[in-house]
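Coordinates as given in model08.txt (compact mmCIF, C-alpha atoms):
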# COMPACT_ATOMS: atom_id res chain seq x y z
CA MET T 1 32.53 94.14 64.03
CA ALA T 2 34.61 92.23 61.51
CA VAL T 3 35.05 91.86 57.79
CA ILE T 4 33.11 88.76 56.72
CA THR T 5 33.51 87.29 53.24
CA ILE T 6 30.44 85.64 51.72
CA LYS T 7 31.19 83.09 48.99
CA ILE T 8 28.48 82.43 46.42
CA VAL T 9 28.57 79.39 44.10
CA VAL T 10 26.40 79.66 40.95
CA ALA T 11 26.19 75.99 40.01
CA SER T 12 23.95 76.29 36.92
CA LEU T 13 25.44 79.49 35.58
CA ASP T 14 24.16 79.24 31.99
CA ARG T 15 20.57 78.71 33.09
CA VAL T 16 20.76 81.51 35.66
CA LEU T 17 22.13 83.94 33.05
CA GLU T 18 19.14 83.24 30.81
CA VAL T 19 16.96 85.10 33.30
CA PHE T 20 19.13 87.11 35.71
CA ASP T 21 22.14 89.43 35.60
CA LYS T 22 22.77 90.38 39.26
CA ILE T 23 23.12 88.85 42.73
CA LYS T 24 21.56 90.41 45.83
CA VAL T 25 23.00 89.74 49.30
CA TYR T 26 20.83 89.77 52.44
CA ARG T 27 21.85 89.66 56.11
CA SER T 28 20.20 88.69 59.39
CA THR T 29 21.75 89.96 62.63
CA THR T 30 19.19 88.09 64.77
CA GLY T 31 19.91 84.47 63.95
CA LEU T 32 19.06 81.88 61.33
CA THR T 33 15.32 82.62 61.32
CA GLY T 34 15.62 86.38 61.84
CA THR T 35 14.71 89.21 59.46
CA TYR T 36 16.94 89.42 56.37
CA THR T 37 17.69 92.90 55.03
CA GLU T 38 19.44 93.54 51.71
CA LEU T 39 23.07 94.59 52.12
CA THR T 40 23.67 95.36 48.48
CA THR T 41 22.35 98.43 46.70
CA PRO T 42 21.46 98.96 43.02
CA SER T 43 25.05 100.08 42.42
CA THR T 44 26.77 97.31 44.46
CA ARG T 45 24.74 94.26 43.43
CA ILE T 46 27.11 91.63 42.07
CA ALA T 47 27.17 91.35 38.28
CA LEU T 48 26.94 87.81 36.93
CA GLU T 49 29.55 86.88 34.32
CA SER T 50 29.41 84.02 31.84
CA THR T 51 32.91 82.81 32.79
CA THR T 52 32.62 83.04 36.59
CA MET T 53 30.93 80.48 38.83
CA ILE T 54 32.31 81.64 42.22
CA TYR T 55 31.59 85.12 43.59
CA GLU T 56 32.52 86.89 46.81
CA TYR T 57 30.95 89.71 48.77
CA MET T 58 32.60 91.44 51.75
CA ASP T 59 30.50 92.62 54.67
CA THR T 60 32.74 95.19 56.35
CA ALA T 61 30.39 95.47 59.34
CA GLY T 62 29.85 91.74 59.77
CA ASP T 63 30.05 89.28 62.60
CA ALA T 64 30.62 85.53 62.77
CA SER T 65 27.14 85.13 64.31
CA TYR T 66 25.34 86.81 61.38
CA PHE T 67 23.53 84.80 58.71
CA TYR T 68 23.38 85.60 54.99
CA LYS T 69 21.14 84.73 52.05
CA THR T 70 21.44 85.58 48.37
CA SER T 71 19.08 85.83 45.41
CA TYR T 72 19.34 86.34 41.66
CA TYR T 73 17.93 89.56 40.24
CA ASN T 74 17.04 90.94 36.80
CA SER T 75 17.99 94.62 36.83
CA ILE T 76 15.75 95.41 33.85
CA SER T 77 12.49 93.61 34.67
CA GLY T 78 12.90 93.61 38.47
CA LEU T 79 12.33 89.85 38.60
CA GLU T 80 13.96 88.20 41.64
CA SER T 81 14.49 84.55 42.48
CA SER T 82 13.72 83.00 45.83
CA LYS T 83 16.42 83.44 48.46
CA SER T 84 19.10 80.81 49.01
CA ASP T 85 19.54 78.75 52.15
CA ALA T 86 21.07 80.75 54.98
CA GLN T 87 24.83 80.60 55.45
CA GLN T 88 27.35 82.16 57.77
CA GLY T 89 30.46 83.88 56.57
CA GLU T 90 34.03 82.89 57.37
CA GLY T 91 34.30 80.70 60.40
CA ASP T 92 31.02 78.84 59.86
CA PRO T 93 31.22 75.89 62.31
CA ALA T 94 29.58 73.71 59.64
CA LEU T 95 33.06 73.38 58.16
CA ASP T 96 34.26 71.81 61.42
CA VAL T 97 31.73 68.98 61.03
CA ILE T 98 33.41 67.41 58.01
CA SER T 99 36.40 68.64 56.02
CA ILE T 100 36.63 69.17 52.27
CA GLU T 101 39.32 66.48 52.13
CA GLU T 102 37.06 63.97 53.90
CA VAL T 103 34.25 64.61 51.40
CA LYS T 104 36.62 64.15 48.46
CA THR T 105 38.31 61.03 49.86
CA ASN T 106 35.34 59.20 51.35
CA TYR T 107 32.43 60.18 49.08
CA LEU T 108 33.90 61.44 45.78
CA PHE T 109 36.74 58.95 45.40
CA GLY T 110 37.58 58.20 41.77
CA LEU T 111 35.85 61.25 40.31
CA ASP T 112 37.47 63.79 38.03
CA LEU T 113 36.96 66.91 40.14
CA THR T 114 37.97 69.40 37.45
CA ASP T 115 36.13 71.52 34.89
CA ASP T 116 36.34 71.15 31.09
CA TYR T 117 39.71 72.93 31.09
CA GLY T 118 41.27 70.70 33.74
CA THR T 119 41.00 73.32 36.49
CA PRO T 120 40.22 71.77 39.90
CA PHE T 121 36.94 72.79 41.51
CA PRO T 122 37.72 75.51 44.10
CA ASP T 123 37.46 74.80 47.82
CA SER T 124 34.61 77.31 48.11
CA PHE T 125 32.58 75.03 45.84
CA PHE T 126 32.83 72.15 48.33
CA GLU T 127 32.37 74.50 51.31
CA HIS T 128 29.02 75.57 49.89
CA TYR T 129 27.72 72.01 49.75
CA ILE T 130 29.05 71.11 53.21
CA LYS T 131 27.20 74.10 54.70
CA THR T 132 24.08 73.15 52.77
CA ALA T 133 24.30 69.54 53.99
CA VAL T 134 24.65 70.58 57.64
CA SER T 135 21.75 73.02 57.30
CA TRP T 136 19.59 70.36 55.61
CA ILE T 137 20.11 67.77 58.35
CA GLU T 138 19.50 70.39 61.07
CA HIS T 139 16.13 71.21 59.51
CA ARG T 140 15.23 67.62 58.64
CA LEU T 141 15.87 66.29 62.15
CA ASP T 142 15.18 69.53 64.04
CA LEU T 143 18.58 68.90 65.59
CA PRO T 144 21.23 71.55 66.29
CA ILE T 145 24.50 70.38 64.75
CA ARG T 146 26.36 73.68 64.98
CA PRO T 147 26.50 75.29 68.45
CA ARG T 148 23.51 77.60 68.81
CA VAL T 149 22.86 80.05 71.68
CA ILE T 150 19.22 80.07 72.85
CA GLU T 151 18.80 83.42 74.56
CA ASP T 152 15.36 83.40 76.20
CA GLU T 153 13.58 80.05 76.04
CA ARG T 154 10.44 80.15 78.15
CA HIS T 155 8.89 77.34 80.17
CA ASP T 156 5.67 77.24 82.15
CA TYR T 157 5.36 76.79 85.90
CA CYS T 158 3.67 73.51 86.80
CA GLY T 159 3.21 72.82 90.51
CA GLU T 160 4.01 69.11 90.28
CA ASP T 161 7.14 69.65 88.20
CA TYR T 162 8.26 72.51 90.45
CA ARG T 163 8.18 70.30 93.50
CA ASP T 164 10.10 67.68 91.48
CA TYR T 165 13.20 69.90 91.57
CA ILE T 166 11.90 72.14 88.74
CA PHE T 167 11.75 69.66 85.89
CA LEU T 168 12.41 71.47 82.57
CA HIS T 169 12.72 69.79 79.19
CA LEU T 170 14.69 72.12 76.92
CA LYS T 171 13.50 72.40 73.33
CA TYR T 172 16.86 71.90 71.64
CA TYR T 173 19.32 69.15 72.46
CA PRO T 174 21.95 67.86 72.83
CA VAL T 175 22.88 70.69 75.20
CA ILE T 176 26.43 71.93 75.57
CA GLU T 177 25.87 74.20 78.56
CA VAL T 178 23.11 75.99 80.49
CA GLU T 179 24.24 79.54 81.24
CA GLU T 180 21.28 80.97 83.17
CA VAL T 181 17.85 80.09 84.53
CA GLN T 182 15.57 82.77 85.97
CA MET T 183 12.12 82.66 87.54
CA VAL T 184 10.09 85.66 86.37
CA LEU T 185 6.58 86.63 87.50
CA PRO T 186 3.95 87.46 84.84
CA ALA T 187 4.44 91.17 85.56
CA GLY T 188 8.14 90.90 84.73
CA GLN T 189 9.53 90.79 88.27
CA ILE T 190 12.60 88.55 88.56
CA VAL T 191 11.96 86.29 91.51
CA GLN T 192 15.11 84.24 91.34
CA THR T 193 18.29 83.77 89.31
CA PHE T 194 19.35 80.26 90.13
CA ASP T 195 22.87 79.29 91.13
CA PRO T 196 24.48 77.44 88.17
CA THR T 197 25.96 74.91 90.59
CA TRP T 198 22.37 73.71 91.19
CA PHE T 199 21.88 72.68 87.54
CA ASN T 200 21.51 68.93 87.06
CA LEU T 201 21.55 68.52 83.28
CA ARG T 202 21.22 65.48 81.03
CA LYS T 203 22.95 66.88 77.97
CA ASP T 204 21.88 64.25 75.47
CA SER T 205 18.14 64.62 76.17
CA GLY T 206 17.90 68.26 77.31
CA VAL T 207 16.34 67.40 80.69
CA LEU T 208 17.20 69.94 83.39
CA HIS T 209 16.53 69.70 87.12
CA ILE T 210 17.48 72.42 89.59
CA VAL T 211 18.70 70.84 92.82
CA PRO T 212 19.68 73.32 95.55
CA GLY T 213 22.72 72.92 97.70
CA SER T 214 22.57 71.79 101.29
CA GLY T 215 20.44 74.06 103.49
CA GLN T 216 19.17 76.15 100.54
CA ALA T 217 15.84 74.45 99.79
CA GLY T 218 13.98 77.49 101.13
CA THR T 219 15.45 79.66 98.38
CA ILE T 220 14.12 77.44 95.62
CA LEU T 221 10.70 77.34 97.26
CA PHE T 222 10.19 81.00 98.02
CA GLY T 223 12.57 82.94 95.81
CA ALA T 224 14.39 86.16 96.67
CA GLY T 225 12.78 87.94 99.60
CA GLY T 226 9.86 85.50 99.67
CA ALA T 227 8.43 86.94 96.42
CA TRP T 228 7.26 83.50 95.30
CA LEU T 229 5.42 82.76 98.56
CA PRO T 230 2.04 84.29 97.56
CA PHE T 231 1.86 82.00 94.53
CA MET T 232 2.93 78.95 96.51
CA ARG T 233 0.11 79.60 99.00
CA SER T 234 -2.48 80.31 96.32
CA ALA T 235 -4.43 77.84 94.19
CA TYR T 236 -2.20 78.39 91.12
CA ARG T 237 -0.97 75.08 89.74
CA TRP T 238 0.14 76.47 86.38
CA LEU T 239 1.48 79.78 85.11
CA PRO T 240 2.84 80.52 81.61
CA ASP T 241 6.42 81.55 80.80
CA VAL T 242 7.68 81.70 84.37
CA PHE T 243 11.10 80.14 83.70
CA ARG T 244 13.55 81.86 81.31
CA VAL T 245 16.51 79.77 80.19
CA LYS T 246 19.67 80.76 78.33
CA TYR T 247 21.73 77.86 77.01
CA THR T 248 23.90 76.59 74.17
CA ALA T 249 22.66 73.61 72.16
CA GLY T 250 24.53 71.54 69.60
CA PHE T 251 27.41 69.10 69.46
CA SER T 252 30.79 69.76 71.02
CA GLY T 253 33.65 67.68 69.76
CA GLU T 254 33.33 64.83 67.26
CA LEU T 255 29.90 64.08 65.79
CA PRO T 256 28.50 60.54 66.04
CA TYR T 257 29.88 58.81 62.97
CA ILE T 258 26.48 57.76 61.61
CA LEU T 259 25.42 61.43 61.56
CA LYS T 260 28.70 62.59 60.02
CA ASP T 261 28.36 59.91 57.33
CA VAL T 262 24.92 61.18 56.28
CA ILE T 263 26.19 64.77 56.11
CA GLY T 264 29.12 63.63 53.96
CA LYS T 265 26.81 61.88 51.49
CA ILE T 266 24.48 64.88 51.27
CA ALA T 267 27.47 67.22 50.75
CA ALA T 268 28.73 64.98 47.93
CA MET T 269 25.50 65.09 45.91
CA GLY T 270 26.01 68.61 44.55
CA PRO T 271 29.55 67.93 43.25
CA LEU T 272 28.36 64.57 41.86
CA ASN T 273 25.62 66.29 39.87
CA ILE T 274 27.93 68.95 38.46
CA ALA T 275 30.89 66.65 37.79
CA GLY T 276 28.51 64.27 36.03
CA ASP T 277 27.31 67.05 33.74
CA LEU T 278 30.90 67.92 32.83
CA ILE T 279 31.97 64.42 31.76
CA VAL T 280 31.20 65.24 28.12
CA GLY T 281 28.99 68.28 28.56
CA ALA T 282 25.74 69.03 30.33
CA GLY T 283 22.87 66.83 29.16
CA ILE T 284 25.01 64.99 26.54
CA ALA T 285 24.67 61.21 26.68
CA SER T 286 27.46 60.36 24.23
CA THR T 287 30.12 61.97 22.09
CA SER T 288 32.49 60.74 19.38
CA LEU T 289 35.68 61.94 17.72
CA SER T 290 36.94 60.87 14.27
CA ILE T 291 40.38 61.76 12.80
CA ASP T 292 41.87 60.21 9.66
CA GLY T 293 39.78 57.08 9.87
CA LEU T 294 40.32 56.59 13.62
CA SER T 295 37.32 57.11 15.86
CA GLN T 296 36.61 57.15 19.58
CA SER T 297 33.26 57.34 21.34
CA VAL T 298 32.34 57.98 24.97
CA ASN T 299 28.94 57.00 26.39
CA THR T 300 27.64 58.19 29.75
CA THR T 301 24.50 57.62 31.75
CA SER T 302 23.47 61.25 31.25
CA SER T 303 19.89 61.87 30.16
CA ALA T 304 17.00 64.11 31.10
CA THR T 305 16.56 62.07 34.30
CA ASN T 306 20.01 60.61 34.96
CA ALA T 307 23.36 62.34 35.52
CA GLY T 308 26.84 61.09 34.63
CA TYR T 309 27.33 59.74 38.15
CA GLY T 310 23.69 58.74 38.48
CA ALA T 311 24.43 55.31 39.99
CA ARG T 312 26.32 56.81 42.92
CA LEU T 313 23.69 59.53 43.36
CA ILE T 314 20.93 56.93 43.52
CA GLN T 315 22.94 54.85 46.00
CA TYR T 316 23.62 57.81 48.32
CA ARG T 317 20.01 58.99 48.09
CA GLN T 318 18.72 55.56 49.11
CA GLU T 319 21.22 55.21 51.95
CA ILE T 320 20.23 58.65 53.28
CA LYS T 321 16.55 57.77 53.05
CA ASP T 322 17.11 54.48 54.90
CA VAL T 323 19.05 55.98 57.82
CA ILE T 324 16.93 59.09 58.50
CA PRO T 325 14.26 57.15 60.52
CA THR T 326 17.03 55.64 62.67
CA LEU T 327 18.48 59.08 63.38
CA GLN T 328 15.04 60.44 64.23
CA ARG T 329 14.40 57.63 66.71
CA TYR T 330 17.84 57.95 68.29
CA PHE T 331 17.99 61.71 68.70
CA LYS T 332 14.29 62.60 69.01
CA GLY T 333 12.57 59.39 70.04
CA ALA T 334 13.99 56.84 72.43
CA ARG T 335 16.41 59.30 74.00
CA MET T 336 13.69 61.77 74.97
CA VAL T 337 13.06 61.58 78.71
CA VAL T 338 9.70 62.61 80.15
CA GLY T 339 9.44 63.55 83.79
Please go through the file and, once you have read it, give me the structure as structure tokens.
Amino acid sequence: MAVITIKIVVASLDRVLEVFDKIKVYRSTTGLTGTYTELTTPSTRIALESTTMIYEYMDTAGDASYFYKTSYYNSISGLESSKSDAQQGEGDPALDVISIEEVKTNYLFGLDLTDDYGTPFPDSFFEHYIKTAVSWIEHRLDLPIRPRVIEDERHDYCGEDYRDYIFLHLKYYPVIEVEEVQMVLPAGQIVQTFDPTWFNLRKDSGVLHIVPGSGQAGTILFGAGGAWLPFMRSAYRWLPDVFRVKYTAGFSGELPYILKDVIGKIAAMGPLNIAGDLIVGAGIASTSLSIDGLSQSVNTTSSATNAGYGARLIQYRQEIKDVIPTLQRYFKGARMVVG
């Protein structure tokens, strides 16, 4: 167990405070899509304050593998907002994909990244949008960016594929490493735990063949103690969930630049929206100042449908839209190998 700090950015604080006065924190110990249980209690829910946009919550029994969500809550009416996107605490590998400095330099260059009082936006503000961007692209492409351990992925037995050196197409790829493959009978009996040196893996497409070493073909055919022999001699050509695979999917090392570029643009859109609102004030299209006969006016592109940095937002949005089909074809189309 470890102490994990959850950082919560309330981007539209004034609007949130119109309805809610507390923040609830939820935790999943069983992965991104697991069951989320509230960590906070009525007495420990975080109080929203009109002058504070960044909040922290410490999970003293946390772990780097746990996922967290938050929601806004009205302690009088009991009204609760929908939960936020899932995030991990300190050490989230999303922050290894692209740095805060890269987002500022490459995608927010030339912007005034301070609030109305000249205070720079905190790093946690940019961290939030980087994590959101990585999560968004993972869901949009069904592609693991951050390393993810798949504990018990199940594959069917097909006679033709079995004789073709056990052809398995893993569900998530690219694959970093395959840790274990077992053959398990429908009743739960483990027939075989395969030697990892037999794994022939195409990491980019998730295709796995199991090729035995010299003189060991009998083991792959019959399993431990010949337990597989009755099925091999029977008429069964297909059985469900016979193979159980444990592996790690995701990218190791540097991301392909085209993918990193999209994540950077998505991560920049939140700061662009907020910084645009703060040019002269949220929703204000122009302002003027007059002193002793001298006047100065500032006009922005802000309106009900256009933010202060609307031109750059529109540009990034179009570029993201244009490149998504290319990424889908590259990572989930042409590179998919069928045996």
From T:Ile320, T:Leu143, T:Ile76, T:Leu201, residue lying nearest T:Ala268 [only C-alpha atoms]: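 The shortest atom-to-atom distance to T:Ala268 comes from T:Ile320.
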Pick from T:Gly188, T:Leu239, T:Glu102, T:Phe167, whichever lies nearest to T:Val207 using all atoms listed in the file: T:Phe167
Atom CA of T:Ala275 to atom CA of T:Tyr26, distance in Å rounded to a single decimal: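 Rounded to one decimal, the two atoms are 29.2 Å apart.
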Closest of T:Thr132, T:Asn74, T:Thr197, T:Ser84 to T:Ala267 - atom-to-atom distances counting all atoms listed in the file: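 That would be T:Thr132, the residue with the smallest distance to T:Ala267.
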Interatomic distance, atom CA of T:Thr37 to atom CA of T:Glu49 (Å, one decimal):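 For atom CA of T:Thr37 relative to atom CA of T:Glu49, the distance reads 24.6 Å.
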Nearest to T:Leu255, chosen from T:Gly270, T:Asp115, T:Arg146, T:Val191, with only C-alpha atoms counted in the distances: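 Result for the nearest residue to T:Leu255: T:Arg146.
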Among listed residues T:Ile137, T:Phe243, T:Ala2, T:Tyr107, nearest T:Lys321 (using only C-alpha atoms):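 For T:Lys321, the nearest of the given residues is T:Ile137.
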Distance in Å - atom CA of T:Val184 versus atom CA of T:Arg244: 7.2 Å
Long-range neighbours of T:Val134 as number ranges by chain, 7 Å cut-off, only C-alpha atoms, 3 positions minimum in chain: T: 94, 130-131, 137-138, 263
Nearest residue to T:Gly264 from the set T:Arg148, T:His209, T:Lys104, T:Lys22 (distances using all atoms listed in the file):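 Of T:Arg148, T:His209, T:Lys104, T:Lys22, the one nearest T:Gly264 is T:Lys104, counting all atoms listed in the file.
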Find the axis-aligned box for stretch 9-19 of chain T, covering all its listed atoms and adding 8 Å on each side, and write its centre and edge lengths in Å to one decimal as lines of an AutoDock Vina configuration file.
center_x = 22.8
center_y = 80.5
center_z = 37.5
size_x = 27.6
size_y = 25.1
size_z = 29.3
Contact residues around T:Val16 with only C-alpha atoms at 10 Å, ignoring same-chain residues under 3 positions, as a ChimeraX atom specification: /T:10-13,19-22,48,50,72-73,81
Local residues around (34.0, 70.9, 48.4), at most 12 Å away, using all atoms listed in the file, as a PyMOL selection string: chain T and resi 9+95+98-105+107-108+113-114+120-133+264-272+274-275
Export, as a compact mmCIF listing (two decimals), in the coordinates of the input, the selected residues with C-alpha atoms.
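Written file, again.txt:
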# COMPACT_ATOMS: atom_id res chain seq x y z
CA VAL T 9 28.57 79.39 44.10
CA LEU T 95 33.06 73.38 58.16
CA ILE T 98 33.41 67.41 58.01
CA SER T 99 36.40 68.64 56.02
CA ILE T 100 36.63 69.17 52.27
CA GLU T 101 39.32 66.48 52.13
CA GLU T 102 37.06 63.97 53.90
CA VAL T 103 34.25 64.61 51.40
CA LYS T 104 36.62 64.15 48.46
CA THR T 105 38.31 61.03 49.86
CA TYR T 107 32.43 60.18 49.08
CA LEU T 108 33.90 61.44 45.78
CA LEU T 113 36.96 66.91 40.14
CA THR T 114 37.97 69.40 37.45
CA PRO T 120 40.22 71.77 39.90
CA PHE T 121 36.94 72.79 41.51
CA PRO T 122 37.72 75.51 44.10
CA ASP T 123 37.46 74.80 47.82
CA SER T 124 34.61 77.31 48.11
CA PHE T 125 32.58 75.03 45.84
CA PHE T 126 32.83 72.15 48.33
CA GLU T 127 32.37 74.50 51.31
CA HIS T 128 29.02 75.57 49.89
CA TYR T 129 27.72 72.01 49.75
CA ILE T 130 29.05 71.11 53.21
CA LYS T 131 27.20 74.10 54.70
CA THR T 132 24.08 73.15 52.77
CA ALA T 133 24.30 69.54 53.99
CA GLY T 264 29.12 63.63 53.96
CA LYS T 265 26.81 61.88 51.49
CA ILE T 266 24.48 64.88 51.27
CA ALA T 267 27.47 67.22 50.75
CA ALA T 268 28.73 64.98 47.93
CA MET T 269 25.50 65.09 45.91
CA GLY T 270 26.01 68.61 44.55
CA PRO T 271 29.55 67.93 43.25
CA LEU T 272 28.36 64.57 41.86
CA ILE T 274 27.93 68.95 38.46
CA ALA T 275 30.89 66.65 37.79
Would you fill the gaps in stretch 89-110 of chain T so it has N, CA and C atoms, then print it as a CSV table (one decimal), keeping the file's coordinate frame?
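That gives us part.csv:
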chain,number,residue,atom,x,y,z
T,89,GLY,N,29.3,83.5,57.3
T,89,GLY,CA,30.5,83.9,56.6
T,89,GLY,C,31.6,83.0,57.0
T,90,GLU,N,32.8,83.6,57.0
T,90,GLU,CA,34.0,82.9,57.4
T,90,GLU,C,33.9,82.4,58.8
T,91,GLY,N,34.4,81.2,59.1
T,91,GLY,CA,34.3,80.7,60.4
T,91,GLY,C,33.0,79.9,60.7
T,92,ASP,N,32.2,79.6,59.7
T,92,ASP,CA,31.0,78.8,59.9
T,92,ASP,C,31.4,77.5,60.5
T,93,PRO,N,30.9,77.2,61.7
T,93,PRO,CA,31.2,75.9,62.3
T,93,PRO,C,30.8,74.7,61.5
T,94,ALA,N,29.9,74.9,60.5
T,94,ALA,CA,29.6,73.7,59.6
T,94,ALA,C,30.8,73.1,59.0
T,95,LEU,N,31.8,73.9,58.8
T,95,LEU,CA,33.1,73.4,58.2
T,95,LEU,C,33.9,72.6,59.1
T,96,ASP,N,33.6,72.6,60.4
T,96,ASP,CA,34.3,71.8,61.4
T,96,ASP,C,33.6,70.4,61.5
T,97,VAL,N,32.4,70.3,60.9
T,97,VAL,CA,31.7,69.0,61.0
T,97,VAL,C,32.4,67.9,60.2
T,98,ILE,N,32.7,68.3,58.9
T,98,ILE,CA,33.4,67.4,58.0
T,98,ILE,C,34.3,68.3,57.1
T,99,SER,N,35.5,67.8,56.8
T,99,SER,CA,36.4,68.6,56.0
T,99,SER,C,36.2,68.4,54.5
T,100,ILE,N,36.7,69.3,53.7
T,100,ILE,CA,36.6,69.2,52.3
T,100,ILE,C,37.4,67.9,51.9
T,101,GLU,N,38.5,67.6,52.5
T,101,GLU,CA,39.3,66.5,52.1
T,101,GLU,C,38.6,65.2,52.4
T,102,GLU,N,37.8,65.2,53.6
T,102,GLU,CA,37.1,64.0,53.9
T,102,GLU,C,36.0,63.7,52.9
T,103,VAL,N,35.3,64.8,52.4
T,103,VAL,CA,34.2,64.6,51.4
T,103,VAL,C,34.8,64.1,50.1
T,104,LYS,N,36.0,64.6,49.7
T,104,LYS,CA,36.6,64.2,48.5
T,104,LYS,C,37.1,62.7,48.6
T,105,THR,N,37.7,62.4,49.7
T,105,THR,CA,38.3,61.0,49.9
T,105,THR,C,37.3,60.0,50.1
T,106,ASN,N,36.3,60.2,50.9
T,106,ASN,CA,35.3,59.2,51.4
T,106,ASN,C,34.1,59.1,50.5
T,107,TYR,N,33.7,60.2,49.8
T,107,TYR,CA,32.4,60.2,49.1
T,107,TYR,C,32.6,60.5,47.6
T,108,LEU,N,33.7,61.1,47.2
T,108,LEU,CA,33.9,61.4,45.8
T,108,LEU,C,35.1,60.7,45.2
T,109,PHE,N,35.5,59.7,45.8
T,109,PHE,CA,36.7,59.0,45.4
T,109,PHE,C,36.6,58.5,44.0
T,110,GLY,N,37.6,58.7,43.1
T,110,GLY,CA,37.6,58.2,41.8
T,110,GLY,C,37.0,59.2,40.8
